[in-house]
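Trainee: This is the content of coords-v9.txt (compact mmCIF, C-alpha atoms):
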# COMPACT_ATOMS: atom_id res chain seq x y z
CA MET S 15 -9.05 -67.42 2.66
CA THR S 16 -5.36 -67.88 3.20
CA THR S 17 -4.90 -64.25 2.59
CA PHE S 18 -6.55 -63.44 5.89
CA ARG S 19 -4.77 -66.05 7.95
CA GLY S 20 -1.80 -63.94 8.81
CA LEU S 21 -3.96 -60.99 9.87
CA PRO S 22 -5.02 -60.24 13.40
CA ALA S 23 -8.35 -61.69 14.40
CA LEU S 24 -10.07 -58.32 14.21
CA LEU S 25 -9.23 -57.92 10.54
CA ARG S 26 -10.45 -61.42 9.75
CA ASN S 27 -13.95 -60.42 10.87
CA ARG S 28 -16.14 -59.84 7.79
CA PHE S 29 -18.17 -57.20 9.60
CA VAL S 30 -15.01 -55.21 10.17
CA TRP S 31 -14.37 -55.25 6.43
CA VAL S 32 -17.93 -54.21 5.74
CA ALA S 33 -17.37 -51.30 8.08
CA VAL S 34 -14.10 -50.45 6.34
CA VAL S 35 -15.80 -50.48 2.94
CA LEU S 36 -18.65 -48.32 4.21
CA LEU S 37 -16.19 -45.88 5.77
CA ALA S 38 -14.24 -45.67 2.53
CA VAL S 39 -17.40 -45.02 0.51
CA SER S 40 -18.62 -42.33 2.90
CA THR S 41 -15.21 -40.68 3.05
CA THR S 42 -15.09 -40.56 -0.73
CA ALA S 43 -18.53 -38.98 -0.76
CA VAL S 44 -17.47 -36.35 1.76
CA VAL S 45 -14.34 -35.56 -0.22
CA LEU S 46 -16.39 -35.23 -3.39
CA LEU S 47 -18.86 -32.95 -1.65
CA ARG S 48 -16.13 -30.80 -0.19
CA THR S 49 -14.45 -30.24 -3.54
CA GLN S 50 -17.53 -28.39 -4.70
CA ASP S 51 -18.93 -25.17 -3.28
CA ALA S 52 -22.61 -24.37 -2.75
CA ALA S 53 -23.04 -23.64 -6.43
CA GLY S 54 -21.53 -26.95 -7.42
CA ARG S 55 -18.22 -25.45 -8.60
CA PRO S 56 -14.91 -27.01 -7.68
CA GLU S 57 -13.94 -25.57 -4.32
CA ASP S 58 -10.33 -25.18 -5.31
CA LEU S 59 -11.08 -23.05 -8.37
CA ARG S 60 -10.56 -19.88 -6.34
CA GLY S 61 -7.34 -21.38 -5.06
CA GLN S 62 -6.18 -22.13 -8.58
CA LEU S 63 -7.10 -18.62 -9.71
CA THR S 64 -5.27 -17.19 -6.70
CA THR S 65 -2.14 -19.13 -7.60
CA ARG S 66 -2.42 -17.97 -11.21
CA LEU S 67 -2.75 -14.31 -10.23
CA VAL S 68 0.08 -14.44 -7.70
CA ALA S 69 2.37 -15.90 -10.36
CA LEU S 70 1.21 -13.27 -12.83
CA LEU S 71 1.94 -10.36 -10.51
CA GLU S 72 5.20 -11.70 -9.14
CA GLN S 73 6.71 -12.36 -12.55
CA LEU S 74 7.36 -8.68 -13.20
CA PRO S 75 11.08 -8.13 -12.60
CA PRO S 76 11.62 -6.42 -9.22
CA ASP S 77 13.58 -3.57 -10.71
CA GLN S 78 10.67 -2.89 -13.01
CA HIS S 79 8.29 -2.88 -10.10
CA GLN S 80 10.58 -0.67 -8.14
CA GLY S 81 11.28 1.63 -11.01
CA HIS S 82 12.88 4.28 -8.86
CA GLY S 83 16.43 3.18 -9.56
CA HIS S 84 18.42 4.97 -6.92
CA HIS S 85 16.05 3.88 -4.18
CA ALA S 86 16.12 0.28 -5.36
CA GLY S 87 19.82 0.37 -4.69
CA ALA S 88 19.35 1.71 -1.18
CA SER S 89 19.83 -1.75 0.29
CA PRO S 90 23.04 -3.51 -0.63
CA GLY S 91 22.89 -7.17 -1.52
CA PRO S 92 20.88 -9.34 -3.88
CA ALA S 93 18.35 -7.80 -6.23
CA PRO S 94 14.92 -7.27 -4.67
CA THR S 95 12.07 -9.61 -5.43
CA VAL S 96 8.36 -8.97 -5.58
CA VAL S 97 6.15 -10.95 -3.21
CA CYS S 98 2.39 -10.88 -3.69
CA GLY S 99 -0.75 -12.04 -1.98
CA VAL S 100 -4.11 -12.25 -3.73
CA ARG S 101 -7.68 -12.63 -2.50
CA VAL S 102 -10.01 -13.73 -5.29
CA PHE S 103 -13.57 -12.67 -4.57
CA GLY S 104 -15.26 -13.28 -7.87
CA PHE S 105 -14.96 -14.48 -11.43
CA GLU S 106 -16.94 -14.58 -14.64
CA PRO S 107 -18.66 -16.56 -15.91
CA ALA S 108 -19.88 -17.28 -12.43
CA ASP S 109 -20.67 -20.91 -13.30
CA ALA S 110 -17.17 -21.68 -14.54
CA THR S 111 -15.75 -24.86 -13.06
CA THR S 112 -12.23 -24.73 -14.46
CA VAL S 113 -9.59 -22.03 -14.78
CA SER S 114 -9.70 -22.32 -18.56
CA ALA S 115 -13.39 -21.48 -18.50
CA VAL S 116 -12.85 -18.25 -16.53
CA ASP S 117 -12.77 -15.04 -18.56
CA THR S 118 -12.41 -12.45 -15.82
CA VAL S 119 -11.17 -12.57 -12.24
CA TYR S 120 -11.99 -9.99 -9.56
CA ALA S 121 -9.46 -9.87 -6.77
CA PHE S 122 -7.58 -7.82 -4.21
CA HIS S 123 -3.80 -7.80 -4.55
CA PHE S 124 -1.06 -6.83 -2.15
CA CYS S 125 2.55 -6.90 -3.34
CA GLY S 126 5.70 -5.89 -1.51
CA VAL S 127 9.09 -5.21 -3.05
CA ALA S 128 11.44 -7.23 -0.85
CA GLU S 129 14.81 -5.53 -0.66
CA GLN S 130 17.38 -7.26 1.50
CA GLY S 131 17.14 -6.09 5.09
CA THR S 132 14.22 -3.73 4.50
CA PRO S 133 11.54 -4.14 7.18
CA TRP S 134 7.98 -4.70 6.06
CA ASP S 135 6.85 -1.26 7.21
CA TRP S 136 9.30 0.40 4.86
CA ALA S 137 8.85 -1.80 1.84
CA VAL S 138 7.43 -0.31 -1.32
CA LYS S 139 3.98 -1.83 -1.67
CA LEU S 140 1.43 -2.14 -4.44
CA VAL S 141 -2.06 -2.60 -3.14
CA GLY S 142 -5.60 -2.56 -4.47
CA PRO S 143 -8.47 -4.31 -6.19
CA VAL S 144 -7.71 -5.71 -9.62
CA VAL S 145 -9.65 -6.99 -12.60
CA VAL S 146 -7.72 -9.63 -14.51
CA GLY S 147 -8.79 -10.64 -17.99
CA LEU S 148 -7.71 -14.16 -18.89
CA THR S 149 -9.01 -14.20 -22.44
CA THR S 150 -6.05 -12.31 -23.82
CA ASN S 151 -2.46 -13.38 -24.15
CA PRO S 152 -0.87 -11.83 -22.24
CA PRO S 153 -3.63 -11.43 -19.66
CA SER S 154 -4.80 -7.91 -18.89
CA VAL S 155 -4.59 -6.46 -15.40
CA GLN S 156 -6.51 -3.36 -14.38
CA VAL S 157 -5.88 -1.95 -10.93
CA ALA S 158 -8.59 0.27 -9.44
CA GLN S 159 -6.59 3.38 -8.89
CA ALA S 160 -7.53 7.03 -8.57
CA THR S 161 -6.66 9.29 -11.46
CA GLU S 162 -6.43 13.04 -11.77
CA THR S 163 -10.16 13.24 -12.33
CA VAL S 164 -11.62 10.00 -10.97
CA SER S 165 -11.59 9.04 -7.29
CA PHE S 166 -10.70 5.57 -6.07
CA ARG S 167 -14.32 4.85 -5.16
CA ASP S 168 -15.56 5.97 -8.56
CA ARG S 169 -12.89 3.89 -10.26
CA VAL S 170 -14.07 0.84 -8.32
CA GLN S 171 -17.59 1.58 -9.54
CA GLN S 172 -16.34 1.75 -13.11
CA LEU S 173 -14.38 -1.49 -13.01
CA PHE S 174 -16.37 -3.80 -10.76
CA PRO S 175 -19.91 -5.16 -11.07
CA GLU S 176 -22.05 -3.99 -8.19
CA ARG S 177 -21.99 -7.35 -6.42
CA TYR S 178 -18.21 -7.21 -6.09
CA ARG S 179 -17.76 -3.58 -5.03
CA GLU S 180 -17.93 -4.14 -1.29
CA ASP S 181 -15.30 -6.86 -1.57
CA ALA S 182 -13.21 -4.60 -3.78
CA VAL S 183 -12.88 -1.91 -1.11
CA ASN S 184 -12.33 -4.42 1.68
CA GLU S 185 -8.70 -3.71 2.42
CA SER S 186 -7.42 -7.12 3.31
CA LEU S 187 -6.14 -10.47 2.22
CA GLY S 188 -7.66 -11.86 5.39
CA GLU S 189 -5.62 -12.53 8.51
CA GLU S 190 -4.11 -15.77 7.28
CA GLY S 191 -3.41 -14.29 3.87
CA MET S 192 -1.63 -11.31 5.42
CA ARG S 193 0.36 -13.53 7.75
CA ASP S 194 1.41 -15.69 4.83
CA LEU S 195 2.40 -12.65 2.78
CA ARG S 196 4.42 -11.26 5.71
CA ARG S 197 6.16 -14.61 6.16
CA ARG S 198 7.06 -14.78 2.50
CA TYR S 199 8.15 -11.13 2.44
CA GLU S 200 10.36 -11.49 5.50
CA LYS S 201 11.93 -14.61 4.12
CA ALA S 202 12.61 -12.88 0.80
CA ALA S 203 13.92 -9.71 2.47
CA ARG S 204 15.78 -11.69 5.14
CA VAL S 205 14.51 -9.61 8.00
CA MET N 17 8.08 11.33 -12.89
CA HIS N 18 7.10 9.78 -9.60
CA LEU N 19 7.25 6.07 -9.08
CA LEU N 20 3.59 5.39 -9.69
CA ARG N 21 3.99 6.41 -13.25
CA LYS N 22 7.45 4.94 -13.55
CA LEU N 23 6.08 1.66 -12.34
CA ALA N 24 3.24 1.82 -14.81
CA VAL N 25 5.52 2.46 -17.72
CA ALA N 26 8.15 -0.01 -16.56
CA GLY N 27 5.54 -2.62 -15.79
CA VAL N 28 3.99 -2.37 -19.20
CA ALA N 29 7.36 -2.45 -20.91
CA ALA N 30 8.53 -5.44 -18.93
CA ALA N 31 5.29 -7.28 -19.37
CA LEU N 32 5.14 -6.73 -23.05
CA ALA N 33 8.76 -7.73 -23.39
CA ALA N 34 8.06 -10.88 -21.45
CA GLY N 35 4.93 -11.49 -23.48
CA ALA N 36 3.17 -12.38 -20.33
CA LEU N 37 1.14 -9.52 -18.97
CA THR N 38 -0.49 -6.33 -20.06
CA VAL N 39 -0.74 -3.86 -17.23
CA LEU N 40 -3.43 -1.42 -18.15
CA ALA N 41 -3.55 0.66 -15.02
CA PRO N 42 -0.97 -0.49 -12.53
CA THR N 43 -0.11 1.12 -9.27
CA GLY N 44 2.94 1.80 -7.16
CA ALA N 45 4.75 4.41 -5.21
CA ASN N 46 8.02 5.15 -3.55
CA ALA N 47 10.51 7.18 -1.68
CA HIS N 48 11.46 8.31 1.54
CA GLY N 49 10.56 11.21 3.72
CA ALA N 50 7.85 12.67 5.89
CA LEU N 51 7.58 14.46 9.19
CA MET N 52 7.06 11.95 11.98
CA VAL N 53 6.98 14.38 14.92
CA PRO N 54 4.66 16.15 14.64
CA GLY N 55 3.25 13.47 12.36
CA SER N 56 2.25 14.26 8.82
CA ARG N 57 -1.23 13.37 7.61
CA THR N 58 0.02 10.39 5.66
CA TYR N 59 2.16 9.10 8.52
CA LEU N 60 -0.58 9.42 11.14
CA CYS N 61 -3.22 7.97 8.83
CA TYR N 62 -0.87 5.07 8.19
CA LYS N 63 -0.47 4.61 11.94
CA ASP N 64 -4.23 5.00 12.39
CA GLY N 65 -5.05 2.14 10.07
CA LEU N 66 -2.15 -0.26 10.54
CA THR N 67 -3.31 -3.68 11.75
CA PRO N 68 -1.17 -6.30 13.48
CA GLN N 69 -1.16 -8.19 10.18
CA GLY N 70 0.33 -5.21 8.37
CA ASN N 71 -2.58 -4.07 6.24
CA ILE N 72 -4.38 -0.75 6.67
CA VAL N 73 -7.96 -0.36 7.85
CA ASN N 74 -8.51 3.25 8.83
CA LYS N 75 -10.69 4.32 11.75
CA ASN N 76 -10.15 8.08 11.68
CA PRO N 77 -12.86 9.78 9.57
CA GLY N 78 -10.44 12.12 7.86
CA CYS N 79 -8.21 9.21 6.89
CA ILE N 80 -11.22 7.24 5.63
CA ALA N 81 -12.33 10.19 3.51
CA ALA N 82 -8.83 10.49 2.06
CA ALA N 83 -8.76 6.77 1.26
CA ASN N 84 -12.09 7.08 -0.53
CA ILE N 85 -10.41 9.48 -2.90
CA GLY N 86 -7.06 7.80 -3.38
CA GLY N 87 -7.49 4.30 -1.96
CA THR N 88 -5.25 3.03 0.81
CA SER N 89 -2.36 2.27 -1.51
CA PRO N 90 -0.75 5.69 -0.96
CA LEU N 91 -0.70 5.11 2.79
CA TYR N 92 1.56 2.10 2.42
CA ASN N 93 4.00 4.57 0.93
CA TRP N 94 3.29 7.39 3.35
CA PHE N 95 6.86 8.60 3.01
CA SER N 96 6.42 9.37 -0.68
CA VAL N 97 4.71 12.75 -0.85
CA LEU N 98 7.25 14.10 -3.27
CA ARG N 99 7.85 15.87 -6.50
CA SER N 100 10.80 14.63 -8.49
CA ASP N 101 10.90 17.97 -10.26
CA GLY N 102 10.37 20.08 -7.15
CA ALA N 103 13.81 21.63 -6.80
CA GLY N 104 12.69 23.23 -3.57
CA ARG N 105 9.92 25.21 -5.24
CA THR N 106 6.84 26.09 -3.24
CA ARG N 107 4.65 29.10 -4.11
CA GLY N 108 3.81 29.24 -7.77
CA PHE N 109 4.76 25.60 -8.22
CA ILE N 110 2.43 23.67 -5.92
CA PRO N 111 -1.12 24.83 -6.74
CA ASP N 112 -3.34 26.24 -4.01
CA GLY N 113 -5.51 23.53 -2.56
CA GLN N 114 -2.87 20.89 -3.29
CA LEU N 115 -0.24 21.80 -0.74
CA CYS N 116 -0.65 18.68 1.41
CA SER N 117 -0.19 16.37 -1.58
CA GLY N 118 2.61 18.47 -2.99
CA GLY N 119 0.56 18.52 -6.17
CA ASN N 120 1.13 14.76 -6.40
CA SER N 121 -2.20 13.31 -7.50
CA THR N 122 -1.51 10.02 -5.75
CA PHE N 123 -1.98 11.78 -2.43
CA ARG N 124 -4.83 14.07 -3.44
CA GLY N 125 -7.05 12.74 -0.65
CA TYR N 126 -4.79 14.39 1.91
CA ASP N 127 -5.62 17.79 0.46
CA LEU N 128 -9.11 17.52 1.90
CA ALA N 129 -10.16 20.50 4.01
CA ARG N 130 -11.17 18.66 7.17
CA ALA N 131 -10.65 19.27 10.85
CA ASP N 132 -10.71 15.60 11.78
CA PHE N 133 -7.40 14.27 10.54
CA PRO N 134 -5.21 12.89 13.34
CA THR N 135 -3.79 15.80 15.28
CA THR N 136 -0.74 16.32 17.50
CA ARG N 137 -1.07 18.56 20.55
CA VAL N 138 1.77 21.08 20.90
CA THR N 139 2.58 24.19 22.90
CA SER N 140 3.05 27.54 21.23
CA GLY N 141 6.58 28.85 21.75
CA ALA N 142 7.89 25.58 23.17
CA THR N 143 11.19 24.09 22.08
CA VAL N 144 10.63 20.60 20.74
CA GLN N 145 12.52 17.91 18.88
CA PHE N 146 11.30 17.45 15.33
CA ARG N 147 11.70 14.09 13.63
CA TYR N 148 11.67 13.40 9.94
CA SER N 149 11.95 9.90 8.50
CA ASN N 150 15.23 8.99 6.85
CA TRP N 151 14.07 5.90 4.97
CA ALA N 152 16.53 6.84 2.26
CA ALA N 153 18.90 9.48 3.53
CA HIS N 154 20.00 12.37 1.39
CA PRO N 155 21.62 15.70 2.11
CA GLY N 156 19.28 18.63 2.10
CA ARG N 157 17.40 21.36 3.93
CA PHE N 158 14.24 21.11 5.99
CA ASP N 159 11.89 24.08 6.24
CA LEU N 160 8.86 24.17 8.51
CA TYR N 161 6.09 26.70 8.04
CA VAL N 162 2.91 27.30 10.00
CA THR N 163 -0.54 28.48 9.01
CA ARG N 164 -1.59 32.05 9.69
CA ASN N 165 -4.05 32.72 12.47
CA THR N 166 -6.67 33.52 9.86
CA TRP N 167 -6.52 29.99 8.44
CA SER N 168 -9.51 27.70 8.79
CA PRO N 169 -9.32 23.90 8.49
CA THR N 170 -12.62 23.93 6.65
CA ARG N 171 -11.26 25.48 3.46
CA PRO N 172 -8.56 24.16 1.13
CA LEU N 173 -5.06 25.13 2.20
CA SER N 174 -3.57 27.84 0.01
CA TRP N 175 -0.22 29.59 0.04
CA ASN N 176 -1.90 32.70 1.42
CA ASP N 177 -2.80 30.63 4.48
CA ILE N 178 0.88 29.88 5.16
CA GLU N 179 3.24 32.33 6.82
CA THR N 180 5.86 33.39 4.29
CA THR N 181 8.91 32.64 6.44
CA PRO N 182 9.66 29.22 7.90
CA PHE N 183 9.76 29.16 11.69
CA VAL N 184 12.46 26.50 11.57
CA SER N 185 15.09 25.73 8.92
CA VAL N 186 17.86 23.19 9.26
CA THR N 187 20.38 21.67 6.86
CA ASN N 188 21.75 18.13 7.14
CA PRO N 189 20.58 17.46 10.70
CA PRO N 190 21.81 14.37 12.58
CA GLN N 191 20.08 11.01 12.21
CA SER N 192 18.98 8.32 14.61
CA GLY N 193 18.53 4.78 13.37
CA GLY N 194 19.74 3.57 10.05
CA PRO N 195 17.96 4.43 6.84
CA GLY N 196 15.39 1.76 6.16
CA SER N 197 14.97 0.93 9.81
CA ASN N 198 11.49 1.02 11.27
CA ASP N 199 11.73 4.40 12.92
CA GLY N 200 14.97 5.84 11.61
CA HIS N 201 14.80 9.61 11.44
CA TYR N 202 16.53 12.93 11.20
CA TYR N 203 16.11 15.01 14.30
CA TRP N 204 16.66 18.57 15.35
CA SER N 205 15.44 20.94 18.02
CA GLY N 206 13.47 24.02 17.20
CA ARG N 207 11.09 26.48 18.75
CA LEU N 208 7.45 26.30 17.80
CA PRO N 209 5.95 29.62 16.71
CA THR N 210 4.56 31.92 19.37
CA GLY N 211 1.11 33.49 19.36
CA LYS N 212 -0.66 30.39 18.13
CA SER N 213 -3.72 28.69 19.54
CA GLY N 214 -6.16 26.07 18.34
CA GLN N 215 -5.84 24.00 15.18
CA HIS N 216 -3.09 24.72 12.67
CA ILE N 217 -0.99 23.00 10.04
CA ILE N 218 2.78 22.73 10.14
CA TYR N 219 3.86 22.54 6.53
CA SER N 220 7.14 20.78 5.84
CA VAL N 221 9.40 21.02 2.81
CA TRP N 222 12.49 18.84 2.47
CA THR N 223 14.69 20.02 -0.37
CA ARG N 224 17.38 17.57 -1.38
CA SER N 225 20.68 19.18 -2.32
CA ASP N 226 21.80 16.22 -4.44
CA SER N 227 18.79 16.18 -6.78
CA GLN N 228 15.65 18.13 -7.60
CA GLU N 229 13.47 15.79 -5.55
CA THR N 230 11.48 17.68 -2.94
CA PHE N 231 9.11 16.41 -0.27
CA TYR N 232 6.04 18.16 1.03
CA GLY N 233 3.69 17.43 3.91
CA CYS N 234 1.00 18.70 6.25
CA SER N 235 1.08 17.97 9.96
CA ASP N 236 -2.14 18.80 11.79
CA VAL N 237 -1.43 20.27 15.20
CA THR N 238 -3.42 21.83 18.00
CA PHE N 239 -1.68 24.55 19.98
CA GLY N 240 -2.85 24.14 23.55
Write out the structure in this file as structure tokens.
Mentor:
Amino acid sequence: MTTFRGLPALLRNRFVWVAVVLLAVSTTAVVLLRTQDAAGRPEDLRGQLTTRLVALLEQLPPDQHQGHGHHAGASPGPAPTVVCGVRVFGFEPADATTVSAVDTVYAFHFCGVAEQGTPWDWAVKLVGPVVVGLTTNPPSVQVAQATETVSFRDRVQQLFPERYREDAVNESLGEEGMRDLRRRYEKAARV
Amino acid sequence: MHLLRKLAVAGVAAALAAGALTVLAPTGANAHGALMVPGSRTYLCYKDGLTPQGNIVNKNPGCIAAANIGGTSPLYNWFSVLRSDGAGRTRGFIPDGQLCSGGNSTFRGYDLARADFPTTRVTSGATVQFRYSNWAAHPGRFDLYVTRNTWSPTRPLSWNDIETTPFVSVTNPPQSGGPGSNDGHYYWSGRLPTGKSGQHIIYSVWTRSDSQETFYGCSDVTFG
């Protein structure tokens, strides 16, 4: 095998190649296993849904998010942008394996309006559990929010199936999610 | 119309215009003032729950109870207990039982009649420096009232529980730290009311002179 002649002796050993093939096969198997969760769904489906929801929430023009015109102008400089983090904790149908097969997403969202020079603590923020319907165009977004007559907890009960309610009131994107949101906010606000 | 509703309307309009998103019940909030010393309920509940990552997970039972009613979203905008149509009005405008929220439903949880909200210890008759956040500075007058000695923290705060005359009033006080900075604030010295002991509420009203926007807030204090 002239092909092998220029290779180091180790690589000319057939057992080494057998080992390489076996390693490649096992690695492929591990990768395949890891791209599915315990229920056999693609592991990155939540990631894809997260990306979709972040894009959805961030596409609203900042001035529309801000709304309160004279305050939006409090910081001189470029127009503010909206930076969001999302934690997806459920979707329906539960056995969906692709984004296109998902009808409804249950998530927690955290958006900050990044005005130039405005520290995180003082940014206008939009926070709460959301139900996003993907079957309509445009998608529907319902934020669990208290009303004059319905408390936040009762609103969560109305909007979320029982199995998701604990996640819905868990006030967090997770440590890494919050750190990432802060990083993105501070970059956008240049603070 | 406060920002929550403005955001809802604006969000829907923008989304529909963009053909991308229908916001059925969005959220939001805004603006720019609250008593920091002694801390208002929203400010101290915000401080109570703030994590190093910047989200809010309350520990104080009063704050938790308030969040159960309104969620934590209002706390991220703790400086927004306002009425855009306030014009300095108090009695007859803000309903009894809704003084701490200023009648702003977003902050309804902070109207709860509870004795376990975060409290600041003060001394009756002492001269202290008050601090009020200046997130977005505007000219105006600050009035501070205190609850009567007959008030009880276990019943909803009504106007009859508040002394009719403010114990401190100040117009356009000096500021420290720029607006929008982390702890920028107006400050002024004033004497706390005499003859007070135990738990009370200091009720603050900031009346802007350049618009009708008016801010309201309850600061829980214990006179030692």
Trainee: Using only C-alpha atoms, which residues sit within 6 Å of Phe166 of chain S once same-chain residues fewer than 5 positions away are excluded, as a ChimeraX atom specification?
Mentor: /S:159-160 /N:84-87
Trainee: Could those residues be written to a file, using C-alpha atoms, as an mmCIF file, in the frame of the given file?
Mentor:
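This went into out_33.cif:
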data_model
loop_
_atom_site.group_PDB
_atom_site.id
_atom_site.type_symbol
_atom_site.label_atom_id
_atom_site.label_comp_id
_atom_site.auth_asym_id
_atom_site.auth_seq_id
_atom_site.Cartn_x
_atom_site.Cartn_y
_atom_site.Cartn_z
ATOM 1 C CA GLN S 159 -6.590 3.380 -8.890
ATOM 2 C CA ALA S 160 -7.530 7.030 -8.570
ATOM 3 C CA ASN N 84 -12.090 7.080 -0.530
ATOM 4 C CA ILE N 85 -10.410 9.480 -2.900
ATOM 5 C CA GLY N 86 -7.060 7.800 -3.380
ATOM 6 C CA GLY N 87 -7.490 4.300 -1.960
#
Trainee: What lies within 10 Å of Val184 of chain N using all atoms listed in the file, ignoring chain neighbours under 4 positions off, as a list of chain:residue names?
Mentor: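 After dropping sequence-adjacent residues, the list is N:Phe146, N:Phe158, N:Asp159, N:Leu160, N:Tyr161, N:Val162, N:Trp204, N:Ser205, N:Gly206, N:Arg207, N:Leu208, N:Pro209, N:Ser220.
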Trainee: Counting only C-alpha atoms, select every polymer residue within 10 Å of (15.4, 20.9, 2.9) as defined in the file's coordinates, and provide the selection as a VMD selection string.
Mentor: chain N and resid 103 to 104 154 to 160 185 to 189 220 to 225 230 to 232
Trainee: As a list of chain:residue names, please: the residues near segment 170-176 of chain N (cut-off 6 Å, all atoms listed in the file, same-chain neighbours under 5 positions excluded).
Mentor: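 Here the answer would be N:Asp112, N:Gly113, N:Ala129, N:Arg130.
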Trainee: Do you know which residues are at most 12 Å from segment 104-120 of chain S counting only C-alpha atoms, after dropping those on the same chain fewer than 5 positions away, and could you put them as a PyMOL selection string?
Mentor: chain S and resi 49-67+142-151+153-158+170+173-183
Trainee: What is the distance, in Å and to one decimal place, between atom CA of Val96 of chain S and atom CA of Asn71 of chain N?
Mentor: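 Distance reported for this atom pair: 16.8 Å.
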Trainee: Hey, can you check how far atom CA of Asp199 of chain N sits from atom CA of Pro133 of chain S?
Mentor: 10.3 Å
Trainee: Of the residues S:Val164, S:Arg169, S:Val141, S:Gln130, which is the one nearest to Arg101 of chain S, using only C-alpha atoms?
Mentor: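 Smallest distance to Arg101 of chain S is found for S:Val141.
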Trainee: If I take atom CA of Ser168 of chain N and atom CA of Tyr62 of chain N, how far is one from the other in Å, to one decimal?
Mentor: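 Separating atom CA of Ser168 of chain N from atom CA of Tyr62 of chain N is a distance of 24.2 Å.
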Trainee: Let me make sure I understand: among N:Ile80, N:Ala50, N:Cys116, N:Ala131, which one has the smallest atom-to-atom distance to Trp151 of chain N if we use all atoms listed in the file?
Mentor: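 With all atoms listed in the file as the atom set, the closest residue is N:Ala50.
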Trainee: Measuring atom to atom with all atoms listed in the file, identify which of S:Leu140, S:Ala121, S:Asp135, S:Leu70 is nearest to Pro152 of chain S.
Mentor: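 For Pro152 of chain S, the nearest of the candidates is S:Leu70.
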Trainee: Please determine, counting only C-alpha atoms, which residue among N:Val53, N:Cys79, N:Leu66, N:Val73 has the shortest atom-to-atom distance to chain S.
Mentor: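 Checking each of N:Val53, N:Cys79, N:Leu66, N:Val73 against chain S, counting only C-alpha atoms, the winner is N:Val73.
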Trainee: Using only C-alpha atoms, which of N:Gly240, N:Gly65, N:Pro190, N:Gly233 sits nearest Gln145 of chain N?
Mentor: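 Result for the nearest residue to Gln145 of chain N: N:Pro190.
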Trainee: May I ask which of the residues N:Arg124, N:Arg99, N:Arg107, N:Arg57 is the closest one to chain S, counting all atoms listed in the file?
Mentor: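 Using all atoms listed in the file, chain S sits closest to N:Arg124.
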Trainee: Taking 6 positions as the minimum chain separation for residues in the same chain, which residues sit within 7 Å of Lys139 of chain S when counting only C-alpha atoms? Answer as a PDB file with C-alpha atoms, in the frame of the given file.
Mentor:
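result03.pdb was written with the following content:
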ATOM      1  CA  CYS S 125       2.550  -6.900  -3.340  1.00  0.00           C
ATOM      2  CA  GLY S 126       5.700  -5.890  -1.510  1.00  0.00           C
ATOM      3  CA  VAL S 127       9.090  -5.210  -3.050  1.00  0.00           C
TER       4      VAL S 127
ATOM      5  CA  GLY N  44       2.940   1.800  -7.160  1.00  0.00           C
ATOM      6  CA  TYR N  92       1.560   2.100   2.420  1.00  0.00           C
ATOM      7  CA  ASN N  93       4.000   4.570   0.930  1.00  0.00           C
TER       8      ASN N  93
END
Trainee: Can you take the partial segment 91-101 of chain S, add N, CA and C atoms, and return it as a PDB file, keeping the file's coordinate frame?
Mentor:
ATOM      1  N   GLY S  91      23.183  -5.746  -1.533  1.00  0.00           N
ATOM      2  CA  GLY S  91      22.890  -7.170  -1.520  1.00  0.00           C
ATOM      3  C   GLY S  91      22.153  -7.604  -2.761  1.00  0.00           C
ATOM      4  N   PRO S  92      21.551  -8.794  -2.705  1.00  0.00           N
ATOM      5  CA  PRO S  92      20.880  -9.340  -3.880  1.00  0.00           C
ATOM      6  C   PRO S  92      19.748  -8.440  -4.372  1.00  0.00           C
ATOM      7  N   ALA S  93      19.421  -8.600  -5.644  1.00  0.00           N
ATOM      8  CA  ALA S  93      18.350  -7.800  -6.230  1.00  0.00           C
ATOM      9  C   ALA S  93      17.033  -8.082  -5.512  1.00  0.00           C
ATOM     10  N   PRO S  94      16.195  -7.058  -5.351  1.00  0.00           N
ATOM     11  CA  PRO S  94      14.920  -7.270  -4.670  1.00  0.00           C
ATOM     12  C   PRO S  94      13.982  -8.164  -5.478  1.00  0.00           C
ATOM     13  N   THR S  95      13.089  -8.802  -4.771  1.00  0.00           N
ATOM     14  CA  THR S  95      12.070  -9.610  -5.430  1.00  0.00           C
ATOM     15  C   THR S  95      10.704  -9.064  -5.067  1.00  0.00           C
ATOM     16  N   VAL S  96       9.719  -9.419  -5.853  1.00  0.00           N
ATOM     17  CA  VAL S  96       8.360  -8.970  -5.580  1.00  0.00           C
ATOM     18  C   VAL S  96       7.566 -10.150  -5.012  1.00  0.00           C
ATOM     19  N   VAL S  97       6.938  -9.904  -3.872  1.00  0.00           N
ATOM     20  CA  VAL S  97       6.150 -10.950  -3.210  1.00  0.00           C
ATOM     21  C   VAL S  97       4.705 -10.471  -3.147  1.00  0.00           C
ATOM     22  N   CYS S  98       3.788 -11.306  -3.599  1.00  0.00           N
ATOM     23  CA  CYS S  98       2.390 -10.880  -3.690  1.00  0.00           C
ATOM     24  C   CYS S  98       1.447 -11.843  -2.971  1.00  0.00           C
ATOM     25  N   GLY S  99       0.380 -11.273  -2.463  1.00  0.00           N
ATOM     26  CA  GLY S  99      -0.750 -12.040  -1.980  1.00  0.00           C
ATOM     27  C   GLY S  99      -1.986 -11.622  -2.738  1.00  0.00           C
ATOM     28  N   VAL S 100      -2.900 -12.543  -2.948  1.00  0.00           N
ATOM     29  CA  VAL S 100      -4.110 -12.250  -3.730  1.00  0.00           C
ATOM     30  C   VAL S 100      -5.315 -12.858  -3.026  1.00  0.00           C
ATOM     31  N   ARG S 101      -6.399 -12.097  -2.983  1.00  0.00           N
ATOM     32  CA  ARG S 101      -7.680 -12.630  -2.500  1.00  0.00           C
ATOM     33  C   ARG S 101      -8.670 -12.547  -3.653  1.00  0.00           C
TER      34      ARG S 101
END
